[in-house]
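What follows is the content of target_18.txt, which has compact mmCIF, C-alpha atoms and all ligand atoms:
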# COMPACT_ATOMS: atom_id res chain seq x y z
CA SER A 1 114.10 59.58 33.99
CA LYS A 2 114.69 62.76 35.88
CA ILE A 3 115.94 63.07 39.48
CA ASN A 4 114.42 65.68 41.77
CA VAL A 5 116.81 66.61 44.57
CA ILE A 6 114.92 68.15 47.49
CA GLY A 7 116.92 70.47 49.75
CA LEU A 8 119.92 72.29 48.26
CA GLY A 9 122.17 72.73 51.27
CA TYR A 10 125.64 71.37 51.99
CA ILE A 11 124.67 67.88 50.82
CA GLY A 12 121.82 68.27 48.34
CA LEU A 13 123.48 70.89 46.19
CA PRO A 14 126.80 69.15 45.49
CA THR A 15 124.94 65.86 44.98
CA ALA A 16 122.57 67.42 42.45
CA LEU A 17 125.52 69.02 40.66
CA MET A 18 127.38 65.71 40.44
CA PHE A 19 124.38 64.02 38.84
CA ALA A 20 124.05 66.85 36.36
CA LYS A 21 127.74 66.78 35.54
CA SER A 22 127.44 63.05 34.83
CA GLY A 23 124.73 63.74 32.29
CA VAL A 24 121.72 62.78 34.40
CA GLU A 25 118.67 65.04 34.12
CA VAL A 26 118.35 66.82 37.48
CA VAL A 27 116.09 69.41 39.01
CA GLY A 28 117.09 70.89 42.36
CA THR A 29 114.23 72.02 44.59
CA ASP A 30 114.41 74.16 47.70
CA LEU A 31 111.66 76.11 49.44
CA ASN A 32 114.05 78.97 50.15
CA GLU A 33 113.30 81.43 47.35
CA LYS A 34 116.38 83.52 48.00
CA LEU A 35 118.59 80.46 47.60
CA ILE A 36 116.88 79.45 44.36
CA ASP A 37 117.16 83.00 43.06
CA SER A 38 120.83 83.04 43.80
CA LEU A 39 121.50 79.62 42.23
CA ALA A 40 119.46 80.50 39.15
CA LYS A 41 121.64 83.57 38.76
CA GLY A 42 124.73 81.38 38.90
CA LYS A 43 125.69 82.39 42.43
CA LEU A 44 126.69 79.90 45.12
CA THR A 45 125.77 80.44 48.74
CA PHE A 46 128.58 78.58 50.47
CA GLU A 47 132.24 77.91 49.81
CA GLU A 48 133.67 74.49 49.18
CA GLU A 49 136.78 73.35 47.38
CA GLY A 50 135.95 72.63 43.74
CA LEU A 51 132.27 73.55 44.09
CA GLU A 52 132.38 76.55 41.78
CA GLU A 53 133.81 74.55 38.90
CA LEU A 54 131.33 71.73 39.43
CA PHE A 55 128.52 74.30 39.57
CA ASN A 56 129.54 75.77 36.23
CA ASP A 57 129.76 72.31 34.65
CA ALA A 58 126.31 71.41 35.97
CA ILE A 59 124.79 74.65 34.67
CA GLU A 60 126.28 73.95 31.29
CA LYS A 61 124.67 70.50 31.39
CA GLY A 62 121.31 72.14 32.03
CA ILE A 63 120.59 71.63 35.75
CA LYS A 64 117.45 73.49 36.84
CA PHE A 65 116.69 75.10 40.21
CA THR A 66 113.17 75.76 41.43
CA THR A 67 110.98 76.04 44.50
CA GLU A 68 108.56 73.49 42.98
CA TYR A 69 108.61 69.74 43.57
CA GLN A 70 108.72 67.90 40.25
CA LYS A 71 106.56 65.07 39.00
CA THR A 72 108.99 62.21 38.43
CA ASP A 73 109.93 58.73 39.60
CA THR A 74 113.13 59.42 41.59
CA TYR A 75 113.54 61.80 44.53
CA ILE A 76 116.54 62.47 46.72
CA ILE A 77 115.65 64.14 49.99
CA ALA A 78 118.53 66.05 51.59
CA VAL A 79 116.69 68.41 53.91
CA PRO A 80 118.08 69.41 57.31
CA THR A 81 117.50 67.15 60.29
CA PRO A 82 117.96 69.42 63.28
CA TYR A 83 118.12 68.02 66.73
CA ILE A 84 116.15 69.29 69.64
CA ASN A 85 118.64 70.76 72.09
CA SER A 86 116.74 70.01 75.26
CA SER A 87 115.88 66.37 74.52
CA LYS A 88 118.85 65.58 72.20
CA LYS A 89 116.37 63.91 69.86
CA LEU A 90 116.02 64.25 66.13
CA ASP A 91 113.45 66.68 64.83
CA PRO A 92 112.05 64.97 61.71
CA LYS A 93 109.72 67.81 60.68
CA TYR A 94 111.52 68.71 57.45
CA VAL A 95 111.84 65.09 56.33
CA ILE A 96 108.17 64.49 57.04
CA SER A 97 107.03 67.55 55.16
CA ALA A 98 109.33 66.76 52.21
CA VAL A 99 107.97 63.20 52.02
CA ASN A 100 104.41 64.52 52.09
CA THR A 101 105.02 67.00 49.32
CA VAL A 102 106.71 64.31 47.24
CA LEU A 103 103.62 62.13 47.69
CA ASP A 104 101.49 65.00 46.38
CA VAL A 105 103.27 65.03 43.03
CA CYS A 106 105.16 61.78 42.40
CA GLU A 107 104.53 59.18 39.73
CA LYS A 108 103.20 55.79 40.79
CA GLY A 109 106.02 53.50 41.89
CA ALA A 110 108.41 56.39 42.57
CA VAL A 111 111.56 55.84 44.62
CA LEU A 112 112.08 58.17 47.61
CA ILE A 113 115.73 58.25 48.61
CA ILE A 114 116.36 59.89 51.96
CA GLU A 115 119.96 61.12 52.28
CA SER A 116 119.53 63.25 55.39
CA THR A 117 121.09 61.72 58.50
CA ILE A 118 118.31 60.41 60.73
CA SER A 119 118.33 58.67 64.07
CA PRO A 120 118.19 54.88 63.75
CA GLY A 121 114.58 53.74 63.57
CA SER A 122 113.30 57.04 62.16
CA ILE A 123 112.04 55.55 58.93
CA ASP A 124 109.87 53.10 60.88
CA LYS A 125 108.84 55.68 63.42
CA TYR A 126 108.11 58.72 61.30
CA VAL A 127 108.21 57.99 57.58
CA ARG A 128 106.32 54.71 57.10
CA PRO A 129 103.32 55.84 59.17
CA GLU A 130 103.19 59.08 57.17
CA ILE A 131 103.08 57.16 53.90
CA ALA A 132 100.44 54.75 55.24
CA LYS A 133 98.35 57.68 56.48
CA ARG A 134 98.27 59.04 52.96
CA GLY A 135 96.91 55.73 51.68
CA PHE A 136 100.05 54.82 49.71
CA GLU A 137 101.18 51.21 49.71
CA LEU A 138 104.93 50.82 50.29
CA GLY A 139 106.65 48.64 47.73
CA LYS A 140 103.93 49.31 45.18
CA ASP A 141 102.82 52.94 45.04
CA VAL A 142 106.10 54.18 46.38
CA HIS A 143 109.50 52.71 47.40
CA LEU A 144 111.61 53.85 50.31
CA VAL A 145 115.40 54.01 50.36
CA HIS A 146 117.82 55.44 52.92
CA ALA A 147 121.18 56.35 51.40
CA PRO A 148 122.91 58.43 54.08
CA GLU A 149 125.45 60.95 52.88
CA ARG A 150 129.07 60.50 53.96
CA ILE A 151 130.98 63.41 52.45
CA ILE A 152 133.22 65.56 54.59
CA PRO A 153 133.03 69.35 54.35
CA GLY A 154 136.32 70.60 52.92
CA ASN A 155 136.68 67.58 50.65
CA MET A 156 133.11 66.98 49.51
CA ILE A 157 133.50 66.95 45.77
CA TYR A 158 136.31 64.42 45.89
CA GLU A 159 134.48 62.26 48.40
CA LEU A 160 131.25 62.27 46.39
CA GLU A 161 133.16 60.51 43.68
CA TYR A 162 135.49 58.28 45.69
CA ASN A 163 133.75 57.39 48.99
CA SER A 164 131.95 54.14 49.32
CA ARG A 165 128.17 54.56 49.78
CA THR A 166 125.40 52.76 51.60
CA VAL A 167 122.00 52.12 50.08
CA GLY A 168 119.37 50.78 52.48
CA ALA A 169 116.19 49.52 50.85
CA ASP A 170 113.20 47.32 51.72
CA ASP A 171 113.45 45.65 48.38
CA LEU A 172 116.80 44.42 47.00
CA ILE A 173 115.77 45.08 43.42
CA ILE A 174 115.06 48.70 44.25
CA GLY A 175 118.35 48.83 46.19
CA GLU A 176 120.22 47.64 43.11
CA LYS A 177 118.41 50.18 40.96
CA VAL A 178 119.42 53.01 43.28
CA LYS A 179 122.98 51.70 43.35
CA GLU A 180 122.94 52.01 39.57
CA ILE A 181 121.71 55.61 39.84
CA TYR A 182 124.52 56.62 42.23
CA SER A 183 127.13 54.85 40.17
CA SER A 184 126.63 57.49 37.50
CA PHE A 185 129.20 59.49 39.52
CA CYS A 186 130.28 57.32 42.47
CA LYS A 187 133.38 55.33 41.54
CA SER A 188 133.60 53.41 44.81
CA GLU A 189 131.80 50.41 46.27
CA ILE A 190 128.07 50.88 46.88
CA VAL A 191 126.77 48.52 49.55
CA VAL A 192 123.11 47.54 49.35
CA THR A 193 121.53 46.65 52.68
CA ASP A 194 118.30 47.05 54.63
CA ILE A 195 117.07 50.43 55.82
CA ARG A 196 117.70 49.90 59.52
CA SER A 197 121.33 48.89 58.92
CA ALA A 198 121.85 51.95 56.73
CA GLU A 199 120.44 54.25 59.42
CA MET A 200 122.49 52.66 62.15
CA SER A 201 125.80 52.40 60.30
CA LYS A 202 125.72 56.12 59.47
CA VAL A 203 125.30 57.13 63.09
CA VAL A 204 127.88 54.54 64.17
CA GLU A 205 130.48 56.03 61.81
CA ASN A 206 130.16 59.49 63.31
CA THR A 207 130.01 58.12 66.84
CA TYR A 208 133.21 56.15 66.25
CA ARG A 209 134.96 59.35 65.23
CA ASP A 210 133.61 61.19 68.26
CA VAL A 211 134.85 58.47 70.61
CA ASN A 212 138.26 58.39 68.95
CA ILE A 213 138.62 62.20 69.22
CA ALA A 214 137.51 62.01 72.87
CA PHE A 215 140.31 59.53 73.51
CA ALA A 216 142.81 61.97 71.98
CA ASN A 217 141.36 64.83 74.03
CA GLU A 218 141.60 62.82 77.22
CA LEU A 219 145.22 62.03 76.39
CA ALA A 220 145.85 65.75 75.86
CA LYS A 221 144.56 66.46 79.35
CA ILE A 222 146.66 63.67 80.87
CA CYS A 223 149.76 64.89 79.06
CA ARG A 224 149.13 68.48 80.15
CA THR A 225 149.31 67.58 83.84
CA ASP A 226 152.85 66.19 83.46
CA LYS A 227 154.10 68.29 80.56
CA MET A 228 154.23 65.44 78.08
CA ASP A 229 153.87 66.15 74.35
CA VAL A 230 150.56 64.57 73.35
CA TYR A 231 151.18 65.09 69.64
CA GLU A 232 154.51 63.31 69.77
CA ILE A 233 152.99 60.47 71.76
CA ILE A 234 150.07 60.03 69.34
CA ARG A 235 152.45 60.25 66.40
CA ILE A 236 154.55 57.44 67.80
CA ALA A 237 151.60 55.30 68.90
CA ASN A 238 150.11 55.60 65.42
CA LYS A 239 153.20 53.97 63.93
CA HIS A 240 151.85 50.76 65.42
CA PRO A 241 150.05 48.97 62.60
CA ARG A 242 146.86 48.53 64.61
CA VAL A 243 146.65 51.96 66.29
CA ASN A 244 145.03 55.01 64.70
CA ILE A 245 144.33 57.79 67.19
CA LEU A 246 142.85 61.07 65.95
CA GLN A 247 144.05 64.52 67.02
CA PRO A 248 143.04 66.42 70.16
CA GLY A 249 141.49 69.82 69.62
CA PRO A 250 139.50 72.69 71.13
CA GLY A 251 136.23 70.78 70.89
CA VAL A 252 134.14 68.87 68.38
CA GLY A 253 131.94 71.08 66.26
CA GLY A 254 129.80 70.75 63.18
CA HIS A 255 126.34 69.41 62.80
CA CYS A 256 127.24 65.72 62.59
CA ILE A 257 129.90 64.33 64.89
CA SER A 258 128.69 66.30 67.91
CA VAL A 259 125.03 65.50 67.23
CA ASP A 260 124.67 61.93 65.98
CA PRO A 261 126.03 60.18 69.11
CA TRP A 262 123.18 61.77 71.07
CA PHE A 263 120.68 59.76 69.01
CA LEU A 264 122.16 56.58 70.47
CA VAL A 265 122.42 58.01 73.97
CA GLY A 266 118.81 59.18 73.75
CA ASP A 267 117.44 55.83 72.61
CA TYR A 268 119.69 53.54 74.70
CA PRO A 269 120.50 55.49 77.85
CA ASP A 270 121.45 52.40 79.84
CA LEU A 271 123.81 51.06 77.19
CA THR A 272 125.80 54.10 76.14
CA ASN A 273 128.30 54.80 78.94
CA LEU A 274 131.25 55.04 76.60
CA ILE A 275 129.46 57.13 74.00
CA LEU A 276 128.06 59.55 76.58
CA THR A 277 131.42 59.92 78.31
CA ALA A 278 133.10 60.63 74.97
CA ARG A 279 130.53 63.33 74.26
CA LYS A 280 131.15 64.90 77.64
CA ILE A 281 134.93 64.85 77.18
CA ASN A 282 134.64 66.56 73.80
CA ASP A 283 132.16 69.07 75.19
CA SER A 284 134.57 69.88 78.00
CA MET A 285 137.33 70.99 75.64
CA PRO A 286 136.29 74.64 75.26
CA THR A 287 136.46 74.86 79.06
CA HIS A 288 139.91 73.26 78.97
CA VAL A 289 140.95 75.90 76.42
CA LEU A 290 139.62 78.58 78.73
CA GLY A 291 141.82 77.19 81.50
CA ARG A 292 144.82 77.36 79.20
CA ILE A 293 144.04 81.00 78.32
CA ARG A 294 143.96 81.77 82.04
CA ASP A 295 147.33 80.00 82.48
CA ILE A 296 148.87 82.33 79.93
CA MET A 297 147.30 85.43 81.46
CA ARG A 298 148.56 84.45 84.89
CA GLU A 299 152.05 83.67 83.67
CA HIS A 300 152.40 86.98 81.86
CA LYS A 301 150.37 89.04 84.31
CA ILE A 302 147.89 90.05 81.66
CA THR A 303 144.57 91.07 83.16
CA ASP A 304 142.96 92.88 80.25
CA ILE A 305 140.53 90.44 78.66
CA SER A 306 140.21 92.63 75.58
CA LYS A 307 143.79 91.73 74.68
CA ILE A 308 142.71 88.16 73.90
CA GLY A 309 142.06 87.37 70.26
CA ILE A 310 140.38 84.21 69.10
CA TYR A 311 141.20 83.08 65.60
CA GLY A 312 138.45 81.01 63.99
CA LEU A 313 134.67 80.87 64.17
CA ALA A 314 134.10 78.06 61.70
CA TYR A 315 133.80 74.60 63.29
CA LYS A 316 136.89 73.42 61.43
CA GLU A 317 139.54 74.43 58.93
CA ASN A 318 138.74 75.89 55.53
CA VAL A 319 134.96 75.79 55.83
CA ASP A 320 132.52 78.64 56.47
CA ASP A 321 130.12 76.65 58.66
CA THR A 322 129.84 77.78 62.30
CA ARG A 323 127.36 75.21 63.60
CA GLU A 324 128.32 73.95 67.09
CA SER A 325 131.66 75.66 66.61
CA PRO A 326 134.14 75.34 69.50
CA THR A 327 134.65 79.12 69.44
CA LEU A 328 130.96 79.77 69.96
CA GLN A 329 130.98 77.28 72.83
CA LEU A 330 134.06 78.94 74.27
CA LEU A 331 132.56 82.44 74.12
CA GLU A 332 129.39 81.17 75.78
CA ARG A 333 131.48 79.90 78.65
CA MET A 334 133.44 83.15 79.03
CA ASP A 335 131.32 85.38 81.20
CA GLU A 336 133.85 88.12 80.70
CA HIS A 337 133.50 88.07 76.93
CA LEU A 338 130.54 90.37 76.54
CA ALA A 339 131.59 92.87 79.14
CA PHE A 340 135.26 93.10 78.30
CA GLY A 341 135.39 92.12 74.69
CA VAL A 342 137.47 89.16 73.65
CA LYS A 343 138.31 89.83 70.02
CA VAL A 344 137.35 87.35 67.31
CA TYR A 345 138.39 86.91 63.69
CA ASP A 346 137.69 84.36 60.96
CA PRO A 347 138.47 85.05 57.29
CA PHE A 348 135.71 82.64 56.19
CA ILE A 349 132.93 84.35 58.15
CA LYS A 350 131.93 87.49 56.38
CA GLU A 351 128.92 88.40 58.48
CA ARG A 352 129.13 89.65 62.01
CA ILE A 353 127.79 86.86 64.23
CA VAL A 354 129.46 87.62 67.58
CA ASP A 355 130.40 90.77 69.46
CA HIS A 356 133.86 92.22 68.94
CA GLN A 357 134.28 90.34 65.67
CA PHE A 358 136.82 91.83 63.28
CA MET A 359 136.56 91.78 59.51
CA ASN A 360 140.20 92.59 58.93
CA PHE A 361 143.08 90.40 60.09
CA GLU A 362 145.58 93.21 60.64
CA ASP A 363 143.16 95.33 62.66
CA PHE A 364 142.48 92.25 64.77
CA LEU A 365 146.18 91.58 65.35
CA ASN A 366 146.82 95.20 66.27
CA GLU A 367 144.38 94.92 69.17
CA ILE A 368 145.58 91.73 70.86
CA LYS A 369 148.42 90.28 72.92
CA ILE A 370 147.23 86.70 73.23
CA LEU A 371 146.27 84.81 70.07
CA VAL A 372 144.16 81.70 70.55
CA ILE A 373 144.13 79.56 67.43
CA ILE A 374 140.94 77.50 67.37
CA THR A 375 140.53 76.86 63.66
CA ALA A 376 143.47 75.81 61.50
CA HIS A 377 142.47 77.56 58.28
CA ASP A 378 145.22 77.60 55.62
CA HIS A 379 145.00 81.38 56.00
CA ILE A 380 146.60 81.32 59.46
CA LYS A 381 149.04 78.57 58.53
CA ASN A 382 150.29 80.83 55.73
CA ASN A 383 150.48 83.91 57.96
CA LEU A 384 152.25 82.58 61.02
CA ASP A 385 155.15 85.00 60.58
CA LEU A 386 152.71 87.86 61.23
CA VAL A 387 151.74 86.58 64.68
CA LYS A 388 155.06 85.65 66.24
CA ASP A 389 155.03 88.68 68.52
CA LYS A 390 151.91 87.37 70.34
CA PHE A 391 151.56 84.90 73.14
CA ILE A 392 150.03 82.04 71.16
CA LEU A 393 147.74 79.30 72.36
CA ASP A 394 147.79 76.84 69.48
CA THR A 395 144.97 74.33 70.03
CA LYS A 396 145.47 72.74 66.61
CA ASN A 397 149.20 72.14 66.73
CA ILE A 398 150.05 74.16 63.64
CA CYS A 399 152.93 76.23 65.09
CA ASP A 400 156.29 74.53 65.37
CA PHE A 401 158.29 77.45 66.78
CA ASP A 402 159.34 77.95 70.40
CA GLY A 403 157.30 79.57 73.11
CA VAL A 404 153.92 78.50 71.79
CA TYR A 405 151.37 77.18 74.27
CA LYS A 406 149.49 74.01 73.34
CA LEU A 407 146.29 72.38 74.59
N1 LIG A 501 138.24 67.00 64.99
C1 LIG A 501 139.19 66.85 66.03
N2 LIG A 501 140.21 65.96 65.87
C2 LIG A 501 140.34 65.22 64.72
C3 LIG A 501 139.39 65.35 63.71
C4 LIG A 501 138.35 66.26 63.87
O1 LIG A 501 139.09 67.51 67.06
O2 LIG A 501 141.30 64.46 64.65
C5 LIG A 501 137.13 67.95 65.13
C6 LIG A 501 137.08 69.00 64.03
O3 LIG A 501 137.95 70.06 64.30
C7 LIG A 501 135.61 69.39 64.02
C8 LIG A 501 134.91 68.09 64.43
O4 LIG A 501 135.91 67.26 64.99
O5 LIG A 501 135.34 70.37 65.00
C9 LIG A 501 134.24 67.36 63.28
O6 LIG A 501 135.02 67.46 62.12
P1 LIG A 501 135.34 66.26 61.14
O7 LIG A 501 136.22 66.78 60.09
O8 LIG A 501 135.80 65.09 61.89
O9 LIG A 501 133.91 65.83 60.56
P2 LIG A 501 132.67 66.59 59.92
O10 LIG A 501 131.69 66.86 61.01
O11 LIG A 501 133.08 67.72 59.09
O12 LIG A 501 132.10 65.44 58.94
C10 LIG A 501 131.75 64.18 59.48
C11 LIG A 501 132.40 63.06 58.66
N3 LIG A 501 132.24 61.78 59.33
C12 LIG A 501 133.27 60.92 59.51
O13 LIG A 501 134.39 61.16 59.14
C13 LIG A 501 132.97 59.63 60.17
C14 LIG A 501 131.76 63.02 57.28
O14 LIG A 501 132.26 61.92 56.53
C15 LIG A 501 130.23 62.91 57.39
O15 LIG A 501 129.62 62.93 56.10
C16 LIG A 501 129.75 64.11 58.16
O16 LIG A 501 130.32 64.07 59.47
C17 LIG A 501 128.23 64.06 58.24
O17 LIG A 501 127.58 64.83 57.52
O18 LIG A 501 127.69 63.20 58.95

Translate this file's structure into structure tokens.
Amino acid sequence: SKINVIGLGYIGLPTALMFAKSGVEVVGTDLNEKLIDSLAKGKLTFEEEGLEELFNDAIEKGIKFTTEYQKTDTYIIAVPTPYINSSKKLDPKYVISAVNTVLDVCEKGAVLIIESTISPGSIDKYVRPEIAKRGFELGKDVHLVHAPERIIPGNMIYELEYNSRTVGADDLIIGEKVKEIYSSFCKSEIVVTDIRSAEMSKVVENTYRDVNIAFANELAKICRTDKMDVYEIIRIANKHPRVNILQPGPGVGGHCISVDPWFLVGDYPDLTNLILTARKINDSMPTHVLGRIRDIMREHKITDISKIGIYGLAYKENVDDTRESPTLQLLERMDEHLAFGVKVYDPFIKERIVDHQFMNFEDFLNEIKILVIITAHDHIKNNLDLVKDKFILDTKNICDFDGVYKL
């Protein structure tokens, strides 16, 4: 039977391609006509290691792209789940509309697999009532599964194959069936559980990482006050067999780690002291970076803001995604930015999204005295000899020469 993957973004597209590559019949659906046009012409819309090759394999195996939902018995929904900035709650509108459109066309007894990350309890709160409203009986007319994605941008294709997966289902037999479907490309353990546990474990995973990074960031601040080397200290501590501290940085970006913990804080405000504090620590890092930039300006008597250059707009290394990026947060907090023009450059971002953004690395370097490294793209790691004449604030600990300022 054929799989219809709904939503061809960062998650849906590589997932659809993997199925196709493994010989499963797949149709990828997205309402964005431009995207479908581009894919049908063999053109990808984002960069990811190994994606191009996988794309070509999948096309060879006959994957189809369309704006139409297909009539079939298996759907994977990977539509965006934005969060509402003011309330920090999930906005389920795309999931709800995808489920409704699936119900319009699906075969009786179809399995609806939701891969989008949702706040725990969302299936009960938003999806089941929608299905009931339409007069469908769950477990008979249609089956619900939540199989949250877990792949990390930058290493998605590898992780699709080798990460363990979670399949949450109402009905164990359906869970086992979906496990079978994913095992056409997933070589790792696939855990079958109930839907609520699948929802919760996904959000817990990202929250764990956020808390761990917050710990590292707090250590960085402590170490700064007494000139201790936080990286050396974490390196040593991590030699302990039961310690595994992540790395401090300029802030936590991306659409997952900085968003998912809010679902827990929103639903359990009285029980989430640690989680909320971790969020606040990570959110404070762009301001900490700003303080470090001011330290350098003071020390070297630089007053011209336009001599500051920020390297990196993507939320992390070697990706072209700028959602919740630390640089964007930093610029927002720099009142001087707009008026005086802090320069910005990122080789992965080919459209102009902020003021004073450069498209050429050399032009950018020619304009600045202070280089603030926010994103550790391989590009900058490979070009460090070009920037040694600058005052460098290295927030990602990639420079090992003297005179570099750290977090
Ligand atoms: N970061 C640090 N220090 C670190 C690691 C990361 O400051 O030691 C920062 C990064 O620079 C970035 C942010 O955290 O700004 C998030 O990056 P990330 O690489 O930790 O994670 P994401 O957001 O790209 O992907 C995460 C992954 N979740 C976990 O590792 C638990 C991924 O597996 C999920 O699939 C993804 O969220 C998602 O979609 O939920």

Closest of A:Pro82, A:Pro269, A:Gly312, A:Gly251 to A:Gln357 - atom-to-atom distances counting all atoms listed in the file: A:Gly312

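Among the candidate residues A:Asp283, A:Glu149, A:Glu130, A:Glu232, the one lying nearest to ligand LIG 501 (chain A) is A:Glu149, with distances computed using only C-alpha atoms and all ligand atoms.
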
Using only C-alpha atoms and all ligand atoms, find each residue in chain A having at least one atom no more than 6 Å away from ligand LIG 501 (chain A); report its shortest atom-to-atom pair and that distance in Å (one decimal), rows by chain then rising number, as JSON lines.
{"residue": "A:Glu149", "atom": "CA", "partner": "A:LIG501", "partner_atom": "O15", "distance": 5.6}
{"residue": "A:Arg150", "atom": "CA", "partner": "A:LIG501", "partner_atom": "O15", "distance": 3.3}
{"residue": "A:Ile151", "atom": "CA", "partner": "A:LIG501", "partner_atom": "O15", "distance": 3.9}
{"residue": "A:Ile152", "atom": "CA", "partner": "A:LIG501", "partner_atom": "C14", "distance": 4.0}
{"residue": "A:Pro153", "atom": "CA", "partner": "A:LIG501", "partner_atom": "O11", "distance": 5.0}
{"residue": "A:Glu205", "atom": "CA", "partner": "A:LIG501", "partner_atom": "C13", "distance": 4.7}
{"residue": "A:Asn206", "atom": "CA", "partner": "A:LIG501", "partner_atom": "C13", "distance": 4.2}
{"residue": "A:Arg209", "atom": "CA", "partner": "A:LIG501", "partner_atom": "C13", "distance": 5.4}
{"residue": "A:Ile213", "atom": "CA", "partner": "A:LIG501", "partner_atom": "N2", "distance": 5.3}
{"residue": "A:Leu246", "atom": "CA", "partner": "A:LIG501", "partner_atom": "O2", "distance": 3.9}
{"residue": "A:Gln247", "atom": "CA", "partner": "A:LIG501", "partner_atom": "O2", "distance": 3.6}
{"residue": "A:Pro248", "atom": "CA", "partner": "A:LIG501", "partner_atom": "O1", "distance": 5.1}
{"residue": "A:Gly249", "atom": "CA", "partner": "A:LIG501", "partner_atom": "O1", "distance": 4.2}
{"residue": "A:Gly251", "atom": "CA", "partner": "A:LIG501", "partner_atom": "O1", "distance": 5.8}
{"residue": "A:Val252", "atom": "CA", "partner": "A:LIG501", "partner_atom": "O5", "distance": 3.9}
{"residue": "A:Gly253", "atom": "CA", "partner": "A:LIG501", "partner_atom": "O5", "distance": 3.7}
{"residue": "A:Gly254", "atom": "CA", "partner": "A:LIG501", "partner_atom": "O10", "distance": 4.8}
{"residue": "A:Cys256", "atom": "CA", "partner": "A:LIG501", "partner_atom": "O18", "distance": 4.4}
{"residue": "A:Ile257", "atom": "CA", "partner": "A:LIG501", "partner_atom": "O10", "distance": 5.0}
{"residue": "A:Tyr315", "atom": "CA", "partner": "A:LIG501", "partner_atom": "O5", "distance": 4.8}
{"residue": "A:Lys316", "atom": "CA", "partner": "A:LIG501", "partner_atom": "O3", "distance": 4.5}

Using all atoms listed in the file, the residue out of A:Gly135, A:Gly309, A:Pro326, A:Gly9 with shortest distance to A:Lys343 is A:Gly309

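Relative to atom CA of A:Val203, atom CA of A:Asp320 is found at 23.6 Å.
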
Counting all atoms listed in the file, the residue of A:Leu271, A:Val167, A:Ile59, A:Ile123 that sits nearest A:Ala198: A:Val167

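In terms of minimum interatomic distance to A:Thr29, A:Lys64 ranks closest within A:Lys140, A:Lys406, A:Lys64, A:Lys41, counting only C-alpha atoms.
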
Exercise on stretch 277-296 of chain A, axis-aligned box with 3 Å per side, report centre and edge lengths in Å to one decimal, as lines of an AutoDock Vina configuration file:
center_x = 139.7
center_y = 71.1
center_z = 78.1
size_x = 24.3
size_y = 28.4
size_z = 14.7

Surrounding residues of A:Asn383 excluding itself and chain neighbours under 6 positions, 12 Å, all atoms listed in the file, as a VMD selection string: chain A and resid 361 to 362 365 376 to 377 398 to 399

Nearby residues, (109.9, 49.1, 45.0) file frame, 12 Å, all atoms listed in the file, as an MDAnalysis selection string: chainID A and resid 73:74 108:113 137:145 169:178

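Considering all atoms listed in the file, the residue among A:Ala214, A:Val230, A:His255, A:Arg224 positioned nearest to A:Arg279 is A:Ala214.
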
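The coordinates place atom CA of A:Gly341 at 6.7 Å from atom CA of A:Ile305.
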
Show me, as a list of chain:residue names, the residues that have an atom within 8 Å of A:Ile157 when counting all atoms listed in the file, minus same-chain residues fewer than 6 positions from it. A:Pro14, A:Glu49, A:Gly50, A:Leu51, A:Ile151

Write a file of the selected residues as a PDB file, in the coordinates of the input, keeping C-alpha atoms.
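Once everything was written out, this is result15.pdb:
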ATOM      1  CA  PRO A  14     126.800  69.150  45.490  1.00  0.00           C
ATOM      2  CA  GLU A  49     136.780  73.350  47.380  1.00  0.00           C
ATOM      3  CA  GLY A  50     135.950  72.630  43.740  1.00  0.00           C
ATOM      4  CA  LEU A  51     132.270  73.550  44.090  1.00  0.00           C
ATOM      5  CA  ILE A 151     130.980  63.410  52.450  1.00  0.00           C
TER       6      ILE A 151
END

Cut-off 12 Å around (157.9, 76.8, 62.8) with only C-alpha atoms: residues as a VMD selection string: chain A and resid 381 to 385 387 to 388 397 to 404

Dump as JSON lines the rows for residues of stretch 119-233 of chain A within 10 Å of stretch 89-96 of chain A: closest atom pair and distance in Å with one decimal, only C-alpha atoms counted, ordered by chain and rising residue number.
{"residue": "A:Ser119", "atom": "CA", "partner": "A:Leu90", "partner_atom": "CA", "distance": 6.4}
{"residue": "A:Pro120", "atom": "CA", "partner": "A:Leu90", "partner_atom": "CA", "distance": 9.9}
{"residue": "A:Ser122", "atom": "CA", "partner": "A:Pro92", "partner_atom": "CA", "distance": 8.0}
{"residue": "A:Ile123", "atom": "CA", "partner": "A:Pro92", "partner_atom": "CA", "distance": 9.8}
{"residue": "A:Lys125", "atom": "CA", "partner": "A:Pro92", "partner_atom": "CA", "distance": 10.0}
{"residue": "A:Tyr126", "atom": "CA", "partner": "A:Ile96", "partner_atom": "CA", "distance": 7.2}
{"residue": "A:Val127", "atom": "CA", "partner": "A:Ile96", "partner_atom": "CA", "distance": 6.5}
{"residue": "A:Arg128", "atom": "CA", "partner": "A:Ile96", "partner_atom": "CA", "distance": 10.0}
{"residue": "A:Glu130", "atom": "CA", "partner": "A:Ile96", "partner_atom": "CA", "distance": 7.4}
{"residue": "A:Ile131", "atom": "CA", "partner": "A:Ile96", "partner_atom": "CA", "distance": 9.5}
